[in-house]
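J.: Following this message is one structure expressed as structure tokens.
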Protein chains: 2
Amino acid sequence: MDFKKFVRDIPHFPKQGVSFKDITPLLKDPGALKGASDALVAFVGDQKIDKVVGMESRGFFYGPVLAVALKAGFVPVRKVGKLPSKKISHTYDLEYGTDTLEIHADAIEKGDRVLIHDDVLATGGTAKATCKLIEALGGVVVQCNFLLEITALNGASKLVGYEVKSLMRF
Amino acid sequence: MDFKKFVRDIPHFPKQGVSFKDITPLLKDPGALKGASDALVAFVGDQKIDKVVGMESRGFFYGPVLAVALKAGFVPVRKVGKLPSKKISHTYDLEYGTDTLEIHADAIEKGDRVLIHDDVLATGGTAKATCKLIEALGGVVVQCNFLLEITALNGASKLVGYEVKSLMRF
């Protein structure tokens with residue numbers, strides 16, 4: 001399936017000079033929505049997954065879909081202040097400034113085998129921070145998979161040592 | 001399945017005096033995650049659904065899962081400034097002030113049969129605004145379904161004329 005035809009470029013979004021990859025055409029097409037799910041599940045192969053972790057908020061689109069397909073649980077990683085119970089956080093550098101992600105402390109059990117999913121692999125900062133959160137709770141990152149990867153931003157270089165899969169490369 | 005045992009009360013979140021219903025224990029349990037999906041799909045019965053619309057951001061957890069199960073597409077309704085392409089918006093009253101939701105103008109085709117899904121039915125303001133957005137684009141709201149309903153807030157009264165289903169009532 002040619003998934004790229006369901007992704008559209010939005011010039012100058014969210015700011016001047018940035019071209020945004022909009023996946024909403026893929027989500028709204030029943031065949032592409034399901035086809036991309038099947039392809040992401042196929043990336044995992046026969047590796048056992050206990051939890052799928054998705055990052056706020058576009059990692060929530062496919063995270064639970066993959067969890068259901070893999071007979072796993074789903075765990076959200078969220079921005080500061082959104083998770084209500086006891087949690088741990090990880091702060092990482094952006095081009096300018098820092099960002100912080102949080103996960104519930106009871107979301108991952110020691111030894112849990114985890115699939116990390118987000119829609120886009122850009123600089124890799126979010127995915128790397130999520131790996132750190134999972135490992136801080138004793139989980140094992142089995143794979144990081146993405147709908148699409150912006151290769152010019154070289155996010156995969158931040159994820160050396162992890163299995164990284166992307167459905168589309170731009 | 002007793003889904004309520006997978007929902008925990010968080011006192012004084014997000015603010016003093018409010019008791020928050022935390023669904024993350026349900027999401028992280030593989031059987032409860034899938035069981036709730038099956039139950040929400042069963043609410044729809046044999047009604048044809050073209051699009052499932054989920055509201056940012058906790059409506060994204062089950063929205064795409066239901067869309068895949070119903071062989072429909074998924075459409076996100078988002079807060080201001082998040083959707084990148086041409087869109088329409090609806091502003092509605094909160095207890096203090098207003099809030100605005102947006103949907104892509106090309107997300108719904110005239111006559112599309114739509115299932116609206118969110119995690120919680122509270123005052124019903126978000127769901128009502130989403131109905132308005134869908135109808136403004138020519139869609140037909142077939143059902144609004146929710147993981148849980150806070151009955152004391154009487155959100156169902158804002159949705160009179162629509163089919164409303166909730167998996168849990170508190």
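Here's how to read the names in the structure tokens: chain A, B, ... by the order shown, residue numbers from 1 in each chain, ligand numbers from 1 in the order shown.
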Pick out the chain B residues within 8 Å of chain A. Count only C-alpha atoms. Give them as number ranges by chain.
T.: B: 10, 13-14, 20, 22, 24, 27-31, 33-34, 51, 56-57, 60-65, 67-68, 71-76, 84-85, 107
J.: Could you write those residues out with C-alpha atoms, as an mmCIF file, in the first residue's frame?
T.:
```cif
data_model
loop_
_atom_site.group_PDB
_atom_site.id
_atom_site.type_symbol
_atom_site.label_atom_id
_atom_site.label_comp_id
_atom_site.auth_asym_id
_atom_site.auth_seq_id
_atom_site.Cartn_x
_atom_site.Cartn_y
_atom_site.Cartn_z
ATOM 1 C CA ILE B 10 -7.768 10.830 42.123
ATOM 2 C CA PHE B 13 -7.129 16.673 40.454
ATOM 3 C CA PRO B 14 -6.781 18.763 38.354
ATOM 4 C CA PHE B 20 -10.726 12.829 38.700
ATOM 5 C CA ASP B 22 -8.316 7.995 35.965
ATOM 6 C CA THR B 24 -5.039 4.577 32.787
ATOM 7 C CA LEU B 27 -5.800 1.150 29.294
ATOM 8 C CA LYS B 28 -2.781 -0.724 30.629
ATOM 9 C CA ASP B 29 -4.671 -3.980 31.231
ATOM 10 C CA PRO B 30 -4.805 -5.959 27.947
ATOM 11 C CA GLY B 31 -8.124 -7.642 28.750
ATOM 12 C CA LEU B 33 -8.463 -2.415 27.025
ATOM 13 C CA LYS B 34 -9.887 -4.884 24.498
ATOM 14 C CA LYS B 51 -16.251 8.074 10.466
ATOM 15 C CA GLU B 56 -8.396 15.771 21.925
ATOM 16 C CA SER B 57 -6.736 14.180 23.623
ATOM 17 C CA PHE B 60 -7.875 9.643 20.786
ATOM 18 C CA PHE B 61 -7.298 6.538 22.941
ATOM 19 C CA TYR B 62 -10.369 4.668 21.742
ATOM 20 C CA GLY B 63 -11.411 6.673 18.665
ATOM 21 C CA PRO B 64 -9.060 4.942 16.195
ATOM 22 C CA VAL B 65 -9.556 1.553 17.893
ATOM 23 C CA ALA B 67 -12.747 3.106 13.753
ATOM 24 C CA VAL B 68 -10.636 0.046 12.894
ATOM 25 C CA LYS B 71 -14.158 -0.395 9.272
ATOM 26 C CA ALA B 72 -14.534 3.379 9.421
ATOM 27 C CA GLY B 73 -12.088 6.285 9.181
ATOM 28 C CA PHE B 74 -10.942 8.314 12.177
ATOM 29 C CA VAL B 75 -11.194 12.101 12.478
ATOM 30 C CA PRO B 76 -9.668 14.109 15.331
ATOM 31 C CA PRO B 84 -2.755 22.209 10.142
ATOM 32 C CA SER B 85 -5.135 22.397 7.171
ATOM 33 C CA ALA B 107 -12.781 15.563 7.382
#
```
J.: Can you give chain A as an mmCIF file with C-alpha atoms, in the first residue's frame after you superpose it on chain B, pairing all C-alpha atoms in order for the least-squares fit?
T.:
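After the write, selection28.cif holds the following:
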```cif
data_model
loop_
_atom_site.group_PDB
_atom_site.id
_atom_site.type_symbol
_atom_site.label_atom_id
_atom_site.label_comp_id
_atom_site.auth_asym_id
_atom_site.auth_seq_id
_atom_site.Cartn_x
_atom_site.Cartn_y
_atom_site.Cartn_z
ATOM 1 C CA MET A 1 -16.646 -7.429 32.768
ATOM 2 C CA ASP A 2 -16.502 -5.095 35.748
ATOM 3 C CA PHE A 3 -14.784 -2.151 34.084
ATOM 4 C CA LYS A 4 -15.233 0.123 37.104
ATOM 5 C CA LYS A 5 -12.514 -1.684 39.005
ATOM 6 C CA PHE A 6 -10.061 -0.399 36.366
ATOM 7 C CA VAL A 7 -10.953 3.250 37.027
ATOM 8 C CA ARG A 8 -9.405 4.997 40.008
ATOM 9 C CA ASP A 9 -10.418 8.156 41.785
ATOM 10 C CA ILE A 10 -7.763 10.841 42.118
ATOM 11 C CA PRO A 11 -8.923 13.362 44.721
ATOM 12 C CA HIS A 12 -8.292 17.065 44.068
ATOM 13 C CA PHE A 13 -7.136 16.671 40.452
ATOM 14 C CA PRO A 14 -6.788 18.766 38.363
ATOM 15 C CA LYS A 15 -7.881 21.170 41.102
ATOM 16 C CA GLN A 16 -8.994 21.243 44.730
ATOM 17 C CA GLY A 17 -12.444 19.748 45.254
ATOM 18 C CA VAL A 18 -12.548 17.847 41.960
ATOM 19 C CA SER A 19 -12.294 14.056 41.951
ATOM 20 C CA PHE A 20 -10.720 12.837 38.717
ATOM 21 C CA LYS A 21 -11.610 9.485 37.132
ATOM 22 C CA ASP A 22 -8.321 8.010 35.957
ATOM 23 C CA ILE A 23 -8.730 5.453 33.157
ATOM 24 C CA THR A 24 -5.034 4.592 32.787
ATOM 25 C CA PRO A 25 -5.427 1.333 34.808
ATOM 26 C CA LEU A 26 -8.031 0.237 32.243
ATOM 27 C CA LEU A 27 -5.792 1.161 29.300
ATOM 28 C CA LYS A 28 -2.777 -0.719 30.636
ATOM 29 C CA ASP A 29 -4.670 -3.976 31.233
ATOM 30 C CA PRO A 30 -4.799 -5.938 27.951
ATOM 31 C CA GLY A 31 -8.122 -7.618 28.751
ATOM 32 C CA ALA A 32 -9.841 -4.443 29.937
ATOM 33 C CA LEU A 33 -8.472 -2.389 27.015
ATOM 34 C CA LYS A 34 -9.885 -4.866 24.501
ATOM 35 C CA GLY A 35 -13.035 -5.606 26.515
ATOM 36 C CA ALA A 36 -14.004 -1.936 26.662
ATOM 37 C CA SER A 37 -13.421 -1.630 22.918
ATOM 38 C CA ASP A 38 -15.683 -4.621 22.250
ATOM 39 C CA ALA A 39 -18.386 -3.149 24.492
ATOM 40 C CA LEU A 40 -18.230 0.267 22.802
ATOM 41 C CA VAL A 41 -18.452 -1.394 19.382
ATOM 42 C CA ALA A 42 -21.440 -3.423 20.591
ATOM 43 C CA PHE A 43 -23.230 -0.153 21.477
ATOM 44 C CA VAL A 44 -23.199 0.715 17.777
ATOM 45 C CA GLY A 45 -24.864 -2.571 16.830
ATOM 46 C CA ASP A 46 -25.477 -2.931 13.113
ATOM 47 C CA GLN A 47 -25.631 0.816 12.413
ATOM 48 C CA LYS A 48 -23.318 1.773 9.560
ATOM 49 C CA ILE A 49 -20.518 4.164 10.562
ATOM 50 C CA ASP A 50 -18.352 6.025 8.024
ATOM 51 C CA LYS A 51 -16.262 8.071 10.465
ATOM 52 C CA VAL A 52 -15.418 7.914 14.125
ATOM 53 C CA VAL A 53 -14.701 11.359 15.570
ATOM 54 C CA GLY A 54 -12.653 11.590 18.776
ATOM 55 C CA MET A 55 -11.860 14.665 20.810
ATOM 56 C CA GLU A 56 -8.388 15.756 21.920
ATOM 57 C CA SER A 57 -6.740 14.195 23.640
ATOM 58 C CA ARG A 58 -8.273 11.341 25.634
ATOM 59 C CA GLY A 59 -10.854 10.687 22.918
ATOM 60 C CA PHE A 60 -7.867 9.645 20.798
ATOM 61 C CA PHE A 61 -7.284 6.545 22.937
ATOM 62 C CA TYR A 62 -10.366 4.679 21.724
ATOM 63 C CA GLY A 63 -11.419 6.672 18.655
ATOM 64 C CA PRO A 64 -9.055 4.941 16.195
ATOM 65 C CA VAL A 65 -9.561 1.556 17.894
ATOM 66 C CA LEU A 66 -13.308 1.860 17.297
ATOM 67 C CA ALA A 67 -12.750 3.105 13.751
ATOM 68 C CA VAL A 68 -10.639 0.043 12.894
ATOM 69 C CA ALA A 69 -13.203 -2.294 14.459
ATOM 70 C CA LEU A 70 -16.079 -0.603 12.594
ATOM 71 C CA LYS A 71 -14.152 -0.406 9.272
ATOM 72 C CA ALA A 72 -14.538 3.376 9.423
ATOM 73 C CA GLY A 73 -12.105 6.278 9.183
ATOM 74 C CA PHE A 74 -10.950 8.307 12.162
ATOM 75 C CA VAL A 75 -11.202 12.095 12.477
ATOM 76 C CA PRO A 76 -9.676 14.107 15.331
ATOM 77 C CA VAL A 77 -11.396 17.160 16.791
ATOM 78 C CA ARG A 78 -8.683 19.331 18.290
ATOM 79 C CA LYS A 79 -8.045 22.401 20.379
ATOM 80 C CA VAL A 80 -7.246 25.683 18.666
ATOM 81 C CA GLY A 81 -4.154 25.821 16.476
ATOM 82 C CA LYS A 82 -3.364 22.094 16.368
ATOM 83 C CA LEU A 83 -4.921 21.111 13.045
ATOM 84 C CA PRO A 84 -2.742 22.212 10.130
ATOM 85 C CA SER A 85 -5.144 22.397 7.157
ATOM 86 C CA LYS A 86 -8.341 24.291 6.329
ATOM 87 C CA LYS A 87 -10.767 23.940 9.231
ATOM 88 C CA ILE A 88 -13.948 25.138 10.879
ATOM 89 C CA SER A 89 -14.369 25.930 14.564
ATOM 90 C CA HIS A 90 -17.097 26.033 17.208
ATOM 91 C CA THR A 91 -16.907 28.050 20.427
ATOM 92 C CA TYR A 92 -18.953 27.041 23.457
ATOM 93 C CA ASP A 93 -19.483 28.240 27.009
ATOM 94 C CA LEU A 94 -17.706 26.790 30.018
ATOM 95 C CA GLU A 95 -18.583 27.469 33.625
ATOM 96 C CA TYR A 96 -16.149 30.384 33.426
ATOM 97 C CA GLY A 97 -15.238 31.597 29.948
ATOM 98 C CA THR A 98 -15.368 29.746 26.632
ATOM 99 C CA ASP A 99 -13.536 27.030 24.755
ATOM 100 C CA THR A 100 -13.105 26.389 21.040
ATOM 101 C CA LEU A 101 -12.801 23.139 19.086
ATOM 102 C CA GLU A 102 -11.710 22.686 15.476
ATOM 103 C CA ILE A 103 -12.173 20.073 12.756
ATOM 104 C CA HIS A 104 -10.652 19.890 9.281
ATOM 105 C CA ALA A 105 -13.149 21.138 6.685
ATOM 106 C CA ASP A 106 -12.522 18.061 4.506
ATOM 107 C CA ALA A 107 -12.784 15.560 7.380
ATOM 108 C CA ILE A 108 -16.480 14.822 6.937
ATOM 109 C CA GLU A 109 -18.313 14.366 3.647
ATOM 110 C CA LYS A 110 -21.961 15.293 3.244
ATOM 111 C CA GLY A 111 -24.063 12.391 4.489
ATOM 112 C CA ASP A 112 -21.229 10.698 6.417
ATOM 113 C CA ARG A 113 -22.610 8.671 9.309
ATOM 114 C CA VAL A 114 -20.562 9.555 12.376
ATOM 115 C CA LEU A 115 -19.857 7.959 15.750
ATOM 116 C CA ILE A 116 -18.582 10.508 18.279
ATOM 117 C CA HIS A 117 -16.372 9.063 20.996
ATOM 118 C CA ASP A 118 -14.771 10.586 24.076
ATOM 119 C CA ASP A 119 -13.514 9.038 27.274
ATOM 120 C CA VAL A 120 -15.738 11.009 29.666
ATOM 121 C CA LEU A 121 -19.167 12.616 29.408
ATOM 122 C CA ALA A 122 -19.094 15.390 32.013
ATOM 123 C CA THR A 123 -21.048 18.612 31.317
ATOM 124 C CA GLY A 124 -21.547 17.614 27.671
ATOM 125 C CA GLY A 125 -20.162 20.874 26.285
ATOM 126 C CA THR A 126 -17.382 19.225 24.287
ATOM 127 C CA ALA A 127 -19.664 16.555 22.830
ATOM 128 C CA LYS A 128 -22.331 19.088 21.899
ATOM 129 C CA ALA A 129 -19.757 21.304 20.179
ATOM 130 C CA THR A 130 -18.489 18.274 18.277
ATOM 131 C CA CYS A 131 -22.026 17.437 17.100
ATOM 132 C CA LYS A 132 -22.316 21.014 15.800
ATOM 133 C CA LEU A 133 -19.016 20.755 13.912
ATOM 134 C CA ILE A 134 -20.026 17.477 12.254
ATOM 135 C CA GLU A 135 -23.442 18.792 11.295
ATOM 136 C CA ALA A 136 -21.930 22.013 9.929
ATOM 137 C CA LEU A 137 -19.995 19.804 7.487
ATOM 138 C CA GLY A 138 -23.126 17.855 6.504
ATOM 139 C CA GLY A 139 -22.473 14.747 8.602
ATOM 140 C CA VAL A 140 -25.076 12.763 10.541
ATOM 141 C CA VAL A 141 -24.368 11.978 14.209
ATOM 142 C CA VAL A 142 -25.426 8.353 14.701
ATOM 143 C CA GLN A 143 -24.294 7.948 18.305
ATOM 144 C CA CYS A 144 -22.158 9.596 20.993
ATOM 145 C CA ASN A 145 -20.435 7.015 23.161
ATOM 146 C CA PHE A 146 -18.232 7.345 26.210
ATOM 147 C CA LEU A 147 -16.192 5.150 28.484
ATOM 148 C CA LEU A 148 -17.764 6.815 31.481
ATOM 149 C CA GLU A 149 -20.382 9.341 32.430
ATOM 150 C CA ILE A 150 -20.386 11.598 35.489
ATOM 151 C CA THR A 151 -24.148 11.554 36.009
ATOM 152 C CA ALA A 152 -24.202 14.423 38.537
ATOM 153 C CA LEU A 153 -23.042 16.811 35.801
ATOM 154 C CA ASN A 154 -26.016 15.840 33.628
ATOM 155 C CA GLY A 155 -24.192 16.040 30.302
ATOM 156 C CA ALA A 156 -26.811 13.849 28.637
ATOM 157 C CA SER A 157 -29.270 16.750 28.946
ATOM 158 C CA LYS A 158 -27.108 18.722 26.473
ATOM 159 C CA LEU A 159 -27.314 15.819 24.013
ATOM 160 C CA VAL A 160 -31.085 15.379 23.842
ATOM 161 C CA GLY A 161 -32.023 14.113 20.381
ATOM 162 C CA TYR A 162 -28.781 12.146 20.029
ATOM 163 C CA GLU A 163 -28.214 8.497 20.938
ATOM 164 C CA VAL A 164 -25.924 8.534 23.990
ATOM 165 C CA LYS A 165 -24.213 5.436 25.418
ATOM 166 C CA SER A 166 -21.814 5.153 28.338
ATOM 167 C CA LEU A 167 -19.943 2.054 29.442
ATOM 168 C CA MET A 168 -19.792 3.171 33.097
ATOM 169 C CA ARG A 169 -21.820 5.575 35.194
ATOM 170 C CA PHE A 170 -20.453 7.307 38.282
#
```
J.: Select from range 73-150 of chain B everything DSSP, run on the backbone, classes as strand (DSSP E), then give the selection as an NGL selection string.
T.: :B and (73-79 or 87-93 or 98-104 or 113-121 or 140-149)
J.: Could you dump the residues just selected with N, CA, C and O atoms as a short mmCIF file (atom, residue, chain, number, x, y, z; two decimals), in the first residue's frame?
T.:
```cif
data_model
loop_
_atom_site.label_atom_id
_atom_site.label_comp_id
_atom_site.auth_asym_id
_atom_site.auth_seq_id
_atom_site.Cartn_x
_atom_site.Cartn_y
_atom_site.Cartn_z
N GLY B 73 -13.25 5.42 9.05
CA GLY B 73 -12.09 6.28 9.18
C GLY B 73 -12.13 6.98 10.53
O GLY B 73 -13.15 6.97 11.21
N PHE B 74 -10.98 7.57 10.90
CA PHE B 74 -10.94 8.31 12.18
C PHE B 74 -10.64 9.78 11.90
O PHE B 74 -9.77 10.11 11.09
N VAL B 75 -11.35 10.65 12.61
CA VAL B 75 -11.19 12.10 12.48
C VAL B 75 -10.98 12.72 13.86
O VAL B 75 -11.82 12.55 14.74
N PRO B 76 -9.87 13.43 14.05
CA PRO B 76 -9.67 14.11 15.33
C PRO B 76 -10.33 15.48 15.36
O PRO B 76 -10.28 16.23 14.39
N VAL B 77 -10.97 15.79 16.49
CA VAL B 77 -11.38 17.16 16.79
C VAL B 77 -10.36 17.69 17.79
O VAL B 77 -10.07 17.02 18.79
N ARG B 78 -9.81 18.87 17.49
CA ARG B 78 -8.69 19.33 18.30
C ARG B 78 -8.89 20.72 18.87
O ARG B 78 -9.78 21.46 18.45
N LYS B 79 -8.04 21.06 19.81
CA LYS B 79 -8.05 22.40 20.38
C LYS B 79 -7.46 23.38 19.36
O LYS B 79 -6.84 22.96 18.37
N LYS B 87 -9.92 24.50 8.17
CA LYS B 87 -10.77 23.95 9.23
C LYS B 87 -11.93 24.87 9.56
O LYS B 87 -11.94 26.04 9.16
N ILE B 88 -12.88 24.33 10.31
CA ILE B 88 -13.95 25.14 10.88
C ILE B 88 -13.88 25.01 12.40
O ILE B 88 -13.29 24.05 12.92
N SER B 89 -14.47 25.96 13.10
CA SER B 89 -14.38 25.93 14.56
C SER B 89 -15.75 26.19 15.19
O SER B 89 -16.67 26.70 14.55
N HIS B 90 -15.87 25.78 16.44
CA HIS B 90 -17.10 26.04 17.21
C HIS B 90 -16.69 26.43 18.62
O HIS B 90 -15.89 25.75 19.25
N THR B 91 -17.23 27.56 19.08
CA THR B 91 -16.92 28.06 20.42
C THR B 91 -18.12 27.84 21.32
O THR B 91 -19.25 28.06 20.91
N TYR B 92 -17.84 27.34 22.52
CA TYR B 92 -18.95 27.04 23.44
C TYR B 92 -18.61 27.54 24.84
O TYR B 92 -17.44 27.76 25.18
N ASP B 93 -19.66 27.69 25.64
CA ASP B 93 -19.49 28.24 26.98
C ASP B 93 -19.02 27.20 27.98
O ASP B 93 -19.50 26.06 27.99
N THR B 98 -14.97 30.56 27.77
CA THR B 98 -15.37 29.77 26.61
C THR B 98 -14.23 28.86 26.19
O THR B 98 -13.10 29.02 26.63
N ASP B 99 -14.57 27.88 25.35
CA ASP B 99 -13.54 27.04 24.75
C ASP B 99 -13.89 26.86 23.26
O ASP B 99 -15.05 27.03 22.87
N THR B 100 -12.89 26.53 22.46
CA THR B 100 -13.11 26.39 21.02
C THR B 100 -12.52 25.08 20.54
O THR B 100 -11.42 24.71 20.93
N LEU B 101 -13.28 24.36 19.72
CA LEU B 101 -12.80 23.13 19.09
C LEU B 101 -12.76 23.32 17.59
O LEU B 101 -13.54 24.09 17.02
N GLU B 102 -11.86 22.57 16.94
CA GLU B 102 -11.70 22.68 15.49
C GLU B 102 -11.74 21.30 14.83
O GLU B 102 -11.37 20.29 15.44
N ILE B 103 -12.17 21.29 13.56
CA ILE B 103 -12.16 20.07 12.76
C ILE B 103 -11.74 20.47 11.34
O ILE B 103 -12.06 21.58 10.88
N HIS B 104 -11.01 19.60 10.67
CA HIS B 104 -10.66 19.89 9.28
C HIS B 104 -11.92 19.94 8.42
O HIS B 104 -12.81 19.09 8.55
N ARG B 113 -21.98 9.12 8.05
CA ARG B 113 -22.60 8.68 9.31
C ARG B 113 -21.49 8.57 10.35
O ARG B 113 -20.52 7.83 10.17
N VAL B 114 -21.66 9.31 11.46
CA VAL B 114 -20.56 9.55 12.38
C VAL B 114 -20.85 9.01 13.79
O VAL B 114 -21.92 9.24 14.34
N LEU B 115 -19.87 8.32 14.33
CA LEU B 115 -19.86 7.97 15.75
C LEU B 115 -18.92 8.94 16.46
O LEU B 115 -17.74 9.04 16.09
N ILE B 116 -19.43 9.64 17.46
CA ILE B 116 -18.59 10.51 18.29
C ILE B 116 -18.16 9.71 19.51
O ILE B 116 -18.98 9.05 20.16
N HIS B 117 -16.86 9.77 19.81
CA HIS B 117 -16.37 9.07 21.01
C HIS B 117 -15.48 9.98 21.85
O HIS B 117 -14.61 10.67 21.32
N ASP B 118 -15.72 9.95 23.14
CA ASP B 118 -14.79 10.60 24.08
C ASP B 118 -14.68 9.70 25.30
O ASP B 118 -15.50 8.81 25.50
N ASP B 119 -13.65 9.92 26.12
CA ASP B 119 -13.52 9.05 27.29
C ASP B 119 -14.58 9.34 28.34
O ASP B 119 -15.17 8.43 28.90
N VAL B 120 -14.84 10.64 28.58
CA VAL B 120 -15.74 11.02 29.67
C VAL B 120 -16.83 11.96 29.18
O VAL B 120 -16.56 12.94 28.48
N LEU B 121 -18.08 11.66 29.57
CA LEU B 121 -19.18 12.62 29.40
C LEU B 121 -19.35 13.32 30.75
O LEU B 121 -19.78 12.71 31.73
N VAL B 140 -23.94 13.20 9.72
CA VAL B 140 -25.07 12.77 10.55
C VAL B 140 -24.50 12.09 11.80
O VAL B 140 -23.75 11.12 11.68
N VAL B 141 -24.85 12.59 12.97
CA VAL B 141 -24.37 11.98 14.21
C VAL B 141 -25.26 10.78 14.55
O VAL B 141 -26.43 10.93 14.85
N VAL B 142 -24.67 9.60 14.46
CA VAL B 142 -25.42 8.36 14.71
C VAL B 142 -25.47 8.04 16.20
O VAL B 142 -26.49 7.59 16.72
N GLN B 143 -24.37 8.28 16.88
CA GLN B 143 -24.29 7.97 18.31
C GLN B 143 -23.13 8.75 18.93
O GLN B 143 -22.13 9.02 18.26
N CYS B 144 -23.26 9.09 20.21
CA CYS B 144 -22.14 9.60 21.01
C CYS B 144 -21.89 8.55 22.07
O CYS B 144 -22.78 8.28 22.87
N ASN B 145 -20.68 7.97 22.08
CA ASN B 145 -20.43 7.02 23.17
C ASN B 145 -19.19 7.38 23.98
O ASN B 145 -18.29 8.07 23.51
N PHE B 146 -19.21 6.92 25.22
CA PHE B 146 -18.23 7.34 26.21
C PHE B 146 -17.82 6.15 27.07
O PHE B 146 -18.63 5.25 27.32
N LEU B 147 -16.58 6.17 27.52
CA LEU B 147 -16.19 5.15 28.49
C LEU B 147 -16.96 5.35 29.79
O LEU B 147 -17.45 4.40 30.37
N LEU B 148 -17.07 6.59 30.22
CA LEU B 148 -17.76 6.82 31.48
C LEU B 148 -18.48 8.15 31.50
O LEU B 148 -18.12 9.09 30.77
N GLU B 149 -19.51 8.18 32.33
CA GLU B 149 -20.38 9.35 32.43
C GLU B 149 -20.44 9.76 33.90
O GLU B 149 -20.60 8.92 34.78
#
```
